[in-house]
Amino acid sequence: MTRAIRNTWVLTSFTSVTNLSDGIVRVTLPLMATSLTTSPALVSGVLTALTLPWLLVALQVGVLVDRADRRKLLWVANGMRVAAVFGLLAAVSTGALTLPMLYVAAAALGVADVIALTSAAAIVPDAVPPPERDRANAWVTGAETLCNEFAGPFVGGLLITMSASIALGATAGGYLAGMALSALLVGHFKAVRRTDAVPSMRREAAEGLRYLWSQRLLRLFAFAASVLVTCWAAWFALMPLVATREWGLSPTGYSVLVGALGFGGLIGTIAVNALNRRLGRRRVMFSNVFLTCSMVAIPAVTSNVWAVGTGAFLGGMGGTLWVVNTRAISQSLVDGGMMGRYSAASRLFSWGSLPLGAALAGLLAQALGYRAAFAVFALTTMVVVVPFLRTFTPRVQQELAAVGMSSRS
């Protein structure tokens, strides 16, 4: 087995088990919150706490990823996840669980997510050579989507109907398995510095921001993702309460609804290379604007669960088409020594919009109702259309092809 194949399988397996746990957490924590409060704003606070670290520590983590061994950082992140989950498990077992405890645990898990996802993104170029990266990205993204958005939420819904303790215990087990799998990676995963001088963390973080700002196409991707991700944040922040309280779905029914996102993502993973060859990356990525719009537009006009599930499926497919292509493009354009800081700067604007979207969705739903909140986010997606078409032109697509990013790759 070649190094590229082995590392692809290890990364895919690692992504599968850790994202399965992430998916269970994504369902379990909000549903635990609904047992403590009926306030949309307070329930959405769980997702806000879980994603706020992207705004607070992403740049610092990016610098750390470019300084330290990235595989060791994966171990640290999963260790933090295990500690946070066991803390929740102890609170549930003793009957002492409160909303503040839930928020603190979510915030700790969020910091661990920043470390894990930034490190994993930076590892891929070192672990897999360029000719194999499209396949590796597709497999890793597919595993992430299938487990985080489909299998994880479905399993989480089943487990929490038994008890929160069982769901949390399974989550910890997945994170422990991830720690073991990451040890199987073959290669060197610490960026090589071109100088012995070590700049300050603030200076290196600023370099990551300047680099992102100087790259027009990558800057567009960060902007577009920041807008579209707020729609995902709104969906995940509002749907636990809407689905269980407004529509009367059981936790298992809600997890199946969330699973529609993952199923769409799985189809997107299978189809992305064929779609890229037939339509080109530009058109495939542009379709995500309308697919994400449908995800939040449908629950704004109907409470039909089948229709809402169809919208979730389309949103999940669009999200995967976008992620696979942006990862492949950025890995071809960004130097390995800058990858951690670039990833952190990019996700500061994209993933950093998650807590803002979740908080805004909760406030809008509290004041105007959930339908109006979903409608606002559906209209917001249209902000992306003009910048995308003006920046990612056919000429830019041809230039990408010249550096090995052909739509037939």
# chains A, B, ... in the order shown; residues from 1 in each chain; ligands from 1
call {"tool": "residues_around", "arguments": {"residues": "region 275-284 of chain A", "least_positions_apart": "4", "cutoff": "12 Å", "atoms": "only C-alpha atoms", "output": "PyMOL selection string"}}
result
chain A and resi 134+217+221+267-271+288-291+317-329+385+388-398+400-401+405-409
call {"tool": "closest_atom_pairs", "arguments": {"of": "region 176-236 of chain A", "to": "region 20-30 of chain A", "cutoff": "12 Å", "atoms": "only C-alpha atoms", "output": "JSON lines"}}
result
{"residue": "A:Leu176", "atom": "CA", "partner": "A:Ser21", "partner_atom": "CA", "distance": 10.1}
{"residue": "A:Ala177", "atom": "CA", "partner": "A:Ser21", "partner_atom": "CA", "distance": 10.2}
{"residue": "A:Gly178", "atom": "CA", "partner": "A:Ser21", "partner_atom": "CA", "distance": 9.7}
{"residue": "A:Ala233", "atom": "CA", "partner": "A:Arg26", "partner_atom": "CA", "distance": 11.5}
{"residue": "A:Phe236", "atom": "CA", "partner": "A:Arg26", "partner_atom": "CA", "distance": 8.5}
call {"tool": "closest_atom_pairs", "arguments": {"of": "region 190-267 of chain A", "to": "region 292-311 of chain A", "cutoff": "10 Å", "atoms": "only C-alpha atoms", "output": "tab-separated table"}}
result
residue	atom	partner	partner_atom	distance
A:Leu228	CA	A:Thr292	CA	6.9
A:Val229	CA	A:Thr292	CA	8.9
A:Cys231	CA	A:Val296	CA	6.6
A:Trp232	CA	A:Thr292	CA	7.9
A:Ala234	CA	A:Val296	CA	8.0
A:Trp235	CA	A:Val296	CA	6.6
A:Met239	CA	A:Pro299	CA	9.3
A:Val242	CA	A:Ser303	CA	9.4
A:Ala243	CA	A:Val305	CA	8.7
A:Glu246	CA	A:Ser303	CA	8.8
A:Trp247	CA	A:Ser303	CA	7.2
A:Leu249	CA	A:Val305	CA	9.3
A:Gly253	CA	A:Val305	CA	9.7
A:Tyr254	CA	A:Val305	CA	9.8
A:Val256	CA	A:Gly309	CA	8.7
A:Leu257	CA	A:Gly309	CA	5.7
A:Val258	CA	A:Gly309	CA	7.9
A:Gly259	CA	A:Gly309	CA	8.7
A:Ala260	CA	A:Gly309	CA	5.8
A:Leu261	CA	A:Gly309	CA	7.8
A:Gly264	CA	A:Thr310	CA	8.9
call {"tool": "residues_around", "arguments": {"residues": "Val111 (chain A)", "least_positions_apart": "6", "cutoff": "10 Å", "atoms": "only C-alpha atoms", "output": "number ranges by chain"}}
result
A: 49-54, 56-58, 61, 77, 80-81
call {"tool": "closest_atom_pairs", "arguments": {"of": "region 207-230 of chain A", "to": "region 374-384 of chain A", "cutoff": "9 Å", "atoms": "only C-alpha atoms", "output": "JSON lines"}}
result
{"residue": "A:Phe223", "atom": "CA", "partner": "A:Val384", "partner_atom": "CA", "distance": 8.0}
{"residue": "A:Ala224", "atom": "CA", "partner": "A:Val384", "partner_atom": "CA", "distance": 5.7}
{"residue": "A:Ala225", "atom": "CA", "partner": "A:Val384", "partner_atom": "CA", "distance": 9.0}
{"residue": "A:Val227", "atom": "CA", "partner": "A:Thr381", "partner_atom": "CA", "distance": 6.6}
{"residue": "A:Leu228", "atom": "CA", "partner": "A:Thr381", "partner_atom": "CA", "distance": 6.1}
{"residue": "A:Thr230", "atom": "CA", "partner": "A:Phe377", "partner_atom": "CA", "distance": 7.5}
call {"tool": "closest_residue", "arguments": {"among": "A:Gly315, A:Ala41, A:Val10, A:Gly340", "to": "Leu364 (chain A)", "atoms": "only C-alpha atoms"}}
result
A:Ala41
call {"tool": "atom_distance", "arguments": {"atom1": "CA of Thr141 (chain A)", "atom2": "CA of Ile5 (chain A)"}}
result
15.9 Å
call {"tool": "select_by_dssp", "arguments": {"residues": "region 145-226 of chain A", "states": "helix (DSSP H, G or I)", "output": "PyMOL selection string"}}
result
chain A and resi 145-162+164-182+201-214+216-226
call {"tool": "residues_around", "arguments": {"residues": "Arg202 (chain A)", "least_positions_apart": "3", "cutoff": "8 Å", "atoms": "only C-alpha atoms", "output": "list in words"}}
result
Gln60, Ala205 and Ala206 of chain A
call {"tool": "write_last_selection", "arguments": {"atoms": "C-alpha atoms", "output": "PDB file, in the first residue's frame"}}
result
ATOM      1  CA  GLN A  60      -4.131  32.079  17.049  1.00  0.00           C
ATOM      2  CA  ALA A 205      -1.775  35.841  12.513  1.00  0.00           C
ATOM      3  CA  ALA A 206      -1.761  39.168  10.667  1.00  0.00           C
TER       4      ALA A 206
END
call {"tool": "closest_residue", "arguments": {"among": "A:Val85, A:Leu64, A:Ala96, A:Val124", "to": "Ala138 (chain A)", "atoms": "only C-alpha atoms"}}
result
A:Val124
call {"tool": "closest_residue", "arguments": {"among": "A:Ala164, A:Ala170, A:Leu348, A:Met338", "to": "Val92 (chain A)", "atoms": "only C-alpha atoms"}}
result
A:Ala164
call {"tool": "residues_around", "arguments": {"residues": "Leu209 (chain A)", "least_positions_apart": "5", "cutoff": "8 Å", "atoms": "only C-alpha atoms", "output": "PyMOL selection string"}}
result
chain A and resi 341-342+345
call {"tool": "closest_residue", "arguments": {"among": "A:Ala361, A:Ala90, A:Met162, A:Leu146", "to": "Pro251 (chain A)", "atoms": "only C-alpha atoms"}}
result
A:Met162
call {"tool": "residues_around", "arguments": {"residues": "Thr38 (chain A)", "least_positions_apart": "6", "cutoff": "12 Å", "atoms": "only C-alpha atoms", "output": "short mmCIF file (atom, residue, chain, number, x, y, z; two decimals) with N, CA, C and O atoms, in the first residue's frame"}}
result
data_model
loop_
_atom_site.label_atom_id
_atom_site.label_comp_id
_atom_site.auth_asym_id
_atom_site.auth_seq_id
_atom_site.Cartn_x
_atom_site.Cartn_y
_atom_site.Cartn_z
N PRO A 30 -28.37 20.34 21.63
CA PRO A 30 -29.58 21.16 21.53
C PRO A 30 -30.82 20.49 22.10
O PRO A 30 -31.67 21.15 22.71
N LEU A 31 -30.94 19.16 21.91
CA LEU A 31 -32.09 18.47 22.47
C LEU A 31 -32.04 18.44 24.00
O LEU A 31 -33.07 18.51 24.67
N MET A 32 -30.85 18.36 24.56
CA MET A 32 -30.71 18.49 26.01
C MET A 32 -31.15 19.88 26.46
O MET A 32 -31.78 20.04 27.51
N SER A 44 -30.80 28.26 20.86
CA SER A 44 -29.82 28.58 19.84
C SER A 44 -28.48 28.97 20.45
O SER A 44 -27.44 28.91 19.79
N LEU A 99 -28.18 24.99 32.02
CA LEU A 99 -27.84 25.62 30.74
C LEU A 99 -26.43 26.20 30.72
O LEU A 99 -25.70 26.01 29.74
N LEU A 238 -32.48 26.80 14.84
CA LEU A 238 -33.93 26.86 15.01
C LEU A 238 -34.61 25.50 14.91
O LEU A 238 -35.64 25.26 15.55
N PRO A 240 -34.11 22.35 15.99
CA PRO A 240 -34.42 21.47 17.13
C PRO A 240 -35.73 21.83 17.81
O PRO A 240 -36.57 20.96 18.08
N LEU A 241 -35.94 23.11 18.08
CA LEU A 241 -37.16 23.54 18.77
C LEU A 241 -38.36 23.52 17.83
O LEU A 241 -39.45 23.08 18.20
N VAL A 242 -38.16 23.96 16.59
CA VAL A 242 -39.27 24.00 15.62
C VAL A 242 -39.76 22.59 15.34
O VAL A 242 -40.97 22.31 15.34
N THR A 244 -39.38 19.75 17.07
CA THR A 244 -39.92 18.97 18.19
C THR A 244 -41.12 19.63 18.84
O THR A 244 -42.07 18.95 19.25
N ARG A 245 -41.13 20.96 18.92
CA ARG A 245 -42.23 21.65 19.60
C ARG A 245 -43.33 22.10 18.64
O ARG A 245 -44.51 21.97 18.94
N GLU A 246 -42.96 22.65 17.49
CA GLU A 246 -43.95 23.15 16.54
C GLU A 246 -44.55 22.04 15.68
O GLU A 246 -45.75 22.03 15.42
N GLY A 362 -31.95 33.03 16.45
CA GLY A 362 -32.71 32.89 17.70
C GLY A 362 -33.44 34.17 18.05
O GLY A 362 -34.62 34.14 18.46
N GLN A 366 -37.46 34.66 18.07
CA GLN A 366 -38.09 35.10 19.32
C GLN A 366 -39.00 36.30 19.07
O GLN A 366 -40.08 36.40 19.63
#
call {"tool": "residues_around", "arguments": {"residues": "Glu207 (chain A)", "least_positions_apart": "3", "cutoff": "12 Å", "atoms": "only C-alpha atoms", "output": "list in words"}}
result
Leu59, Gln60, Gly62, Val63, Asp66, Pro199, Ser200, Met201, Arg202, Arg203, Glu204, Arg210, Tyr211, Leu212, Trp213, Ser214, Gly337, Met338, Met339, Gly340, Arg341, Tyr342, Ala344 and Ala345 of chain A
call {"tool": "closest_residue", "arguments": {"among": "A:Thr252, A:Ala222, A:Arg135, A:Thr8", "to": "Gly157 (chain A)", "atoms": "only C-alpha atoms"}}
result
A:Thr252
call {"tool": "atom_distance", "arguments": {"atom1": "CA of Pro355 (chain A)", "atom2": "CA of Leu36 (chain A)"}}
result
20.5 Å
